[in-house]
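S.K.: One structure is given below, represented as structure tokens, and several questions about it will come after.
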Amino acid sequence: MSENKRKAAIVTGAAKGIGRAVALKFAQSGVDVVVNYRASDPADLVAEIERLGAGCLAVQADVGDFEQARHLVAKGMEKYGRIDYLINNAGITRDGLILKMGEADFDAVVDTNLKGAFNTTRHVSPIMLKQKSGAIVNITSVAGLHGNAGQANYSAAKAGLVGLTKSVAKELGSRGITVNAVAPGFIETDMTDSLPEAVKTKLLESIALRRYGQAQEVADLVHFIANCKYMTAQVVTIDGGMS
Ligand code: NAP
């Protein structure tokens, strides 16, 4: 592939977990990657991507902040001159029952999981429209489709992400831009690591495949969907048959 035909991807929250696996998957397929991170150090990921022969730019930004999201996209454009893929992966949980959930825990989860995706999409859209090509994949959750006790904030944010996905897909489709969402079930990452053993055991019983998912498996699906040219406004579940 000649230098000016190389593609570039922005992956938010890419320093660990699913985001890291997604960033590596795109790099393996010859795509340059803008690795967004907040606090976790992305240095070893950057080195691994460069070992794979892809370009890599690490940009620190809280995607929940409109101006920081603008900075992230601008840095990516400055470096690669195009954005072909946007993977909105950054996410947090602040679990608690609705009777006890504080306003700050609701706001923080919505700000990162939902507004973060709006912010990056808002800044990337003019670029993709000008290119007349691009693919956006939002990482939602089965909690956003079916609800989950103790996760009213997270489920609401992830459900909102489904609405954002379908609406933006309708707005950008006429220019050949696809917008889809992936809804994972229980994937083994730091996010799920802290759950009590009893909760994990109960969850396992509800998974048809009787095992937790791996970040790599989600990354493979995200990469596949991002390259499906005739698929848009869809939500694809990857949960081992849990739902
Ligand atoms: P993870 O290991 O905790 O990784 C989350 C990543 O998001 C971290 O790199 C984190 O950065 C980053 N992040 C958080 N807030 C951010 C912000 N404001 N700006 C930029 N980056 C931010 O979790 P994961 O399991 O890989 O989750 C990835 C995505 O999949 C999330 O959207 C999550 O909701 C979704 N998901 C996960 C599961 C699961 O079972 N694991 C299931 C369904 C959906 P720092 O480390 O620097 O904070």
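In the structure tokens, chains take letters A, B, ... by order of appearance, with residues numbered from 1 within each chain and ligands from 1 in the order shown.
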Could you pull the residues within 9 Å of region 94-105 of chain A, counting only C-alpha atoms, minus those fewer than 3 positions along the same chain, as a list in words?
M.R.: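 Skipping anything fewer than 3 positions along the chain leaves Ala108, Val109, Val110, Ala149, Gly150, Gln151, Ala152, Asn153 and Tyr154 of chain A.
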S.K.: Could you pull the residues within 10 Å of Gly173 (chain A), counting only C-alpha atoms, minus those fewer than 4 positions along the same chain, as a CSV table (one decimal) with N, CA, C and O atoms, in the first residue's frame?
M.R.:
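part_26.csv, written as the output of this step:
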```
chain,number,residue,atom,x,y,z
A,129,LEU,N,-17.3,13.2,6.2
A,129,LEU,CA,-18.2,13.7,5.1
A,129,LEU,C,-17.4,14.2,3.9
A,129,LEU,O,-17.7,14.0,2.8
A,132,LYS,N,-16.0,11.5,2.0
A,132,LYS,CA,-17.0,10.6,1.5
A,132,LYS,C,-16.8,9.1,1.8
A,132,LYS,O,-17.1,8.2,1.0
A,133,SER,N,-16.2,8.9,3.0
A,133,SER,CA,-16.0,7.5,3.4
A,133,SER,C,-15.6,7.6,4.9
A,133,SER,O,-15.2,8.6,5.4
A,134,GLY,N,-15.9,6.4,5.5
A,134,GLY,CA,-15.5,6.3,6.9
A,134,GLY,C,-16.4,5.3,7.6
A,134,GLY,O,-17.5,4.9,7.1
A,168,VAL,N,-27.1,8.8,13.8
A,168,VAL,CA,-25.9,9.3,13.0
A,168,VAL,C,-25.8,8.4,11.7
A,168,VAL,O,-25.4,9.0,10.7
A,169,ALA,N,-26.1,7.2,11.8
A,169,ALA,CA,-26.1,6.3,10.6
A,169,ALA,C,-27.0,6.9,9.5
A,169,ALA,O,-26.6,6.9,8.3
A,177,ILE,N,-20.8,6.6,4.7
A,177,ILE,CA,-20.2,6.4,6.0
A,177,ILE,C,-21.1,5.5,6.8
A,177,ILE,O,-22.3,5.7,6.9
A,178,THR,N,-20.5,4.4,7.4
A,178,THR,CA,-21.3,3.5,8.2
A,178,THR,C,-21.1,3.8,9.7
A,178,THR,O,-20.1,4.2,10.1
A,179,VAL,N,-22.2,3.5,10.4
A,179,VAL,CA,-22.2,3.7,11.9
A,179,VAL,C,-22.9,2.5,12.5
A,179,VAL,O,-24.1,2.3,12.3
A,230,TYR,N,-21.7,-2.5,3.4
A,230,TYR,CA,-23.2,-2.4,3.2
A,230,TYR,C,-23.9,-2.7,4.5
A,230,TYR,O,-25.0,-3.3,4.5
A,231,MET,N,-23.4,-2.4,5.6
A,231,MET,CA,-24.0,-2.6,6.9
A,231,MET,C,-23.9,-1.3,7.7
A,231,MET,O,-22.9,-0.8,7.9
A,232,THR,N,-25.1,-0.8,8.1
A,232,THR,CA,-25.1,0.4,8.9
A,232,THR,C,-26.3,0.4,9.8
A,232,THR,O,-27.3,-0.3,9.6
A,233,ALA,N,-26.2,1.2,10.9
A,233,ALA,CA,-27.3,1.4,11.9
A,233,ALA,C,-27.7,0.1,12.6
A,233,ALA,O,-28.8,-0.1,13.1
```
S.K.: Residues within 6 Å of ligand 1, counting only C-alpha atoms and all ligand atoms: report them as a PyMOL selection string.
M.R.: chain A and resi 12-19+37-40+61-64+89-92+112+139-141+184-192
S.K.: Using DSSP on the backbone coordinates, identify all residues within region 1-132 of chain A classified as strand (DSSP E); present the result as a list in words.
M.R.: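 These are the residues in question: Ala8, Ala9, Ile10, Val11, Asp32, Val33, Val34, Val35, Asn36, Tyr37, Cys56, Leu57, Ala58, Val59, Gln60, Tyr85, Leu86, Ile87 and Asn88 of chain A.
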S.K.: Can I get the selected residues back with N, CA and C atoms, as a PDB file, in the first residue's frame?
M.R.:
```
ATOM      1  N   ALA A   8      -6.260   5.444   8.519  1.00  0.00           N
ATOM      2  CA  ALA A   8      -6.008   5.796   9.917  1.00  0.00           C
ATOM      3  C   ALA A   8      -7.262   5.581  10.765  1.00  0.00           C
ATOM      4  N   ALA A   9      -7.032   5.102  11.981  1.00  0.00           N
ATOM      5  CA  ALA A   9      -8.133   4.842  12.919  1.00  0.00           C
ATOM      6  C   ALA A   9      -7.896   5.596  14.216  1.00  0.00           C
ATOM      7  N   ILE A  10      -8.976   6.091  14.811  1.00  0.00           N
ATOM      8  CA  ILE A  10      -8.905   6.605  16.188  1.00  0.00           C
ATOM      9  C   ILE A  10      -9.606   5.578  17.074  1.00  0.00           C
ATOM     10  N   VAL A  11      -8.910   5.131  18.109  1.00  0.00           N
ATOM     11  CA  VAL A  11      -9.526   4.217  19.079  1.00  0.00           C
ATOM     12  C   VAL A  11      -9.496   4.916  20.437  1.00  0.00           C
ATOM     13  N   ASP A  32      -2.840   2.800  10.395  1.00  0.00           N
ATOM     14  CA  ASP A  32      -2.186   3.645  11.403  1.00  0.00           C
ATOM     15  C   ASP A  32      -3.208   3.966  12.497  1.00  0.00           C
ATOM     16  N   VAL A  33      -2.735   3.996  13.740  1.00  0.00           N
ATOM     17  CA  VAL A  33      -3.688   4.109  14.848  1.00  0.00           C
ATOM     18  C   VAL A  33      -3.394   5.309  15.749  1.00  0.00           C
ATOM     19  N   VAL A  34      -4.438   6.094  15.988  1.00  0.00           N
ATOM     20  CA  VAL A  34      -4.373   7.148  16.999  1.00  0.00           C
ATOM     21  C   VAL A  34      -4.900   6.516  18.291  1.00  0.00           C
ATOM     22  N   VAL A  35      -3.988   6.329  19.227  1.00  0.00           N
ATOM     23  CA  VAL A  35      -4.305   5.679  20.498  1.00  0.00           C
ATOM     24  C   VAL A  35      -4.704   6.761  21.503  1.00  0.00           C
ATOM     25  N   ASN A  36      -5.979   6.826  21.821  1.00  0.00           N
ATOM     26  CA  ASN A  36      -6.411   7.779  22.849  1.00  0.00           C
ATOM     27  C   ASN A  36      -6.329   7.103  24.223  1.00  0.00           C
ATOM     28  N   TYR A  37      -5.829   7.848  25.189  1.00  0.00           N
ATOM     29  CA  TYR A  37      -5.785   7.331  26.556  1.00  0.00           C
ATOM     30  C   TYR A  37      -6.129   8.449  27.523  1.00  0.00           C
ATOM     31  N   CYS A  56       1.703   5.078  14.734  1.00  0.00           N
ATOM     32  CA  CYS A  56       0.935   5.204  15.971  1.00  0.00           C
ATOM     33  C   CYS A  56       1.161   6.574  16.602  1.00  0.00           C
ATOM     34  N   LEU A  57       0.077   7.189  17.031  1.00  0.00           N
ATOM     35  CA  LEU A  57       0.169   8.465  17.729  1.00  0.00           C
ATOM     36  C   LEU A  57      -0.673   8.350  18.997  1.00  0.00           C
ATOM     37  N   ALA A  58      -0.041   8.567  20.136  1.00  0.00           N
ATOM     38  CA  ALA A  58      -0.786   8.514  21.400  1.00  0.00           C
ATOM     39  C   ALA A  58      -1.244   9.933  21.759  1.00  0.00           C
ATOM     40  N   VAL A  59      -2.517  10.080  22.049  1.00  0.00           N
ATOM     41  CA  VAL A  59      -3.053  11.398  22.414  1.00  0.00           C
ATOM     42  C   VAL A  59      -3.850  11.272  23.712  1.00  0.00           C
ATOM     43  N   GLN A  60      -3.405  12.015  24.713  1.00  0.00           N
ATOM     44  CA  GLN A  60      -4.131  12.011  25.985  1.00  0.00           C
ATOM     45  C   GLN A  60      -5.330  12.938  25.884  1.00  0.00           C
ATOM     46  N   TYR A  85     -11.485   5.359  10.373  1.00  0.00           N
ATOM     47  CA  TYR A  85     -12.244   4.601  11.376  1.00  0.00           C
ATOM     48  C   TYR A  85     -12.247   5.356  12.700  1.00  0.00           C
ATOM     49  N   LEU A  86     -13.414   5.401  13.325  1.00  0.00           N
ATOM     50  CA  LEU A  86     -13.512   5.920  14.697  1.00  0.00           C
ATOM     51  C   LEU A  86     -14.147   4.819  15.543  1.00  0.00           C
ATOM     52  N   ILE A  87     -13.408   4.364  16.543  1.00  0.00           N
ATOM     53  CA  ILE A  87     -13.952   3.334  17.435  1.00  0.00           C
ATOM     54  C   ILE A  87     -14.144   3.967  18.810  1.00  0.00           C
ATOM     55  N   ASN A  88     -15.400   4.188  19.157  1.00  0.00           N
ATOM     56  CA  ASN A  88     -15.733   4.789  20.450  1.00  0.00           C
ATOM     57  C   ASN A  88     -15.824   3.681  21.494  1.00  0.00           C
TER      58      ASN A  88
END
```
S.K.: For CA of Gln131 (chain A) and CA of Ala117 (chain A), determine how far apart the two atoms are, in Å to one decimal place.
M.R.: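 Atom-to-atom, CA of Gln131 (chain A) and CA of Ala117 (chain A) are spaced 20.2 Å apart.
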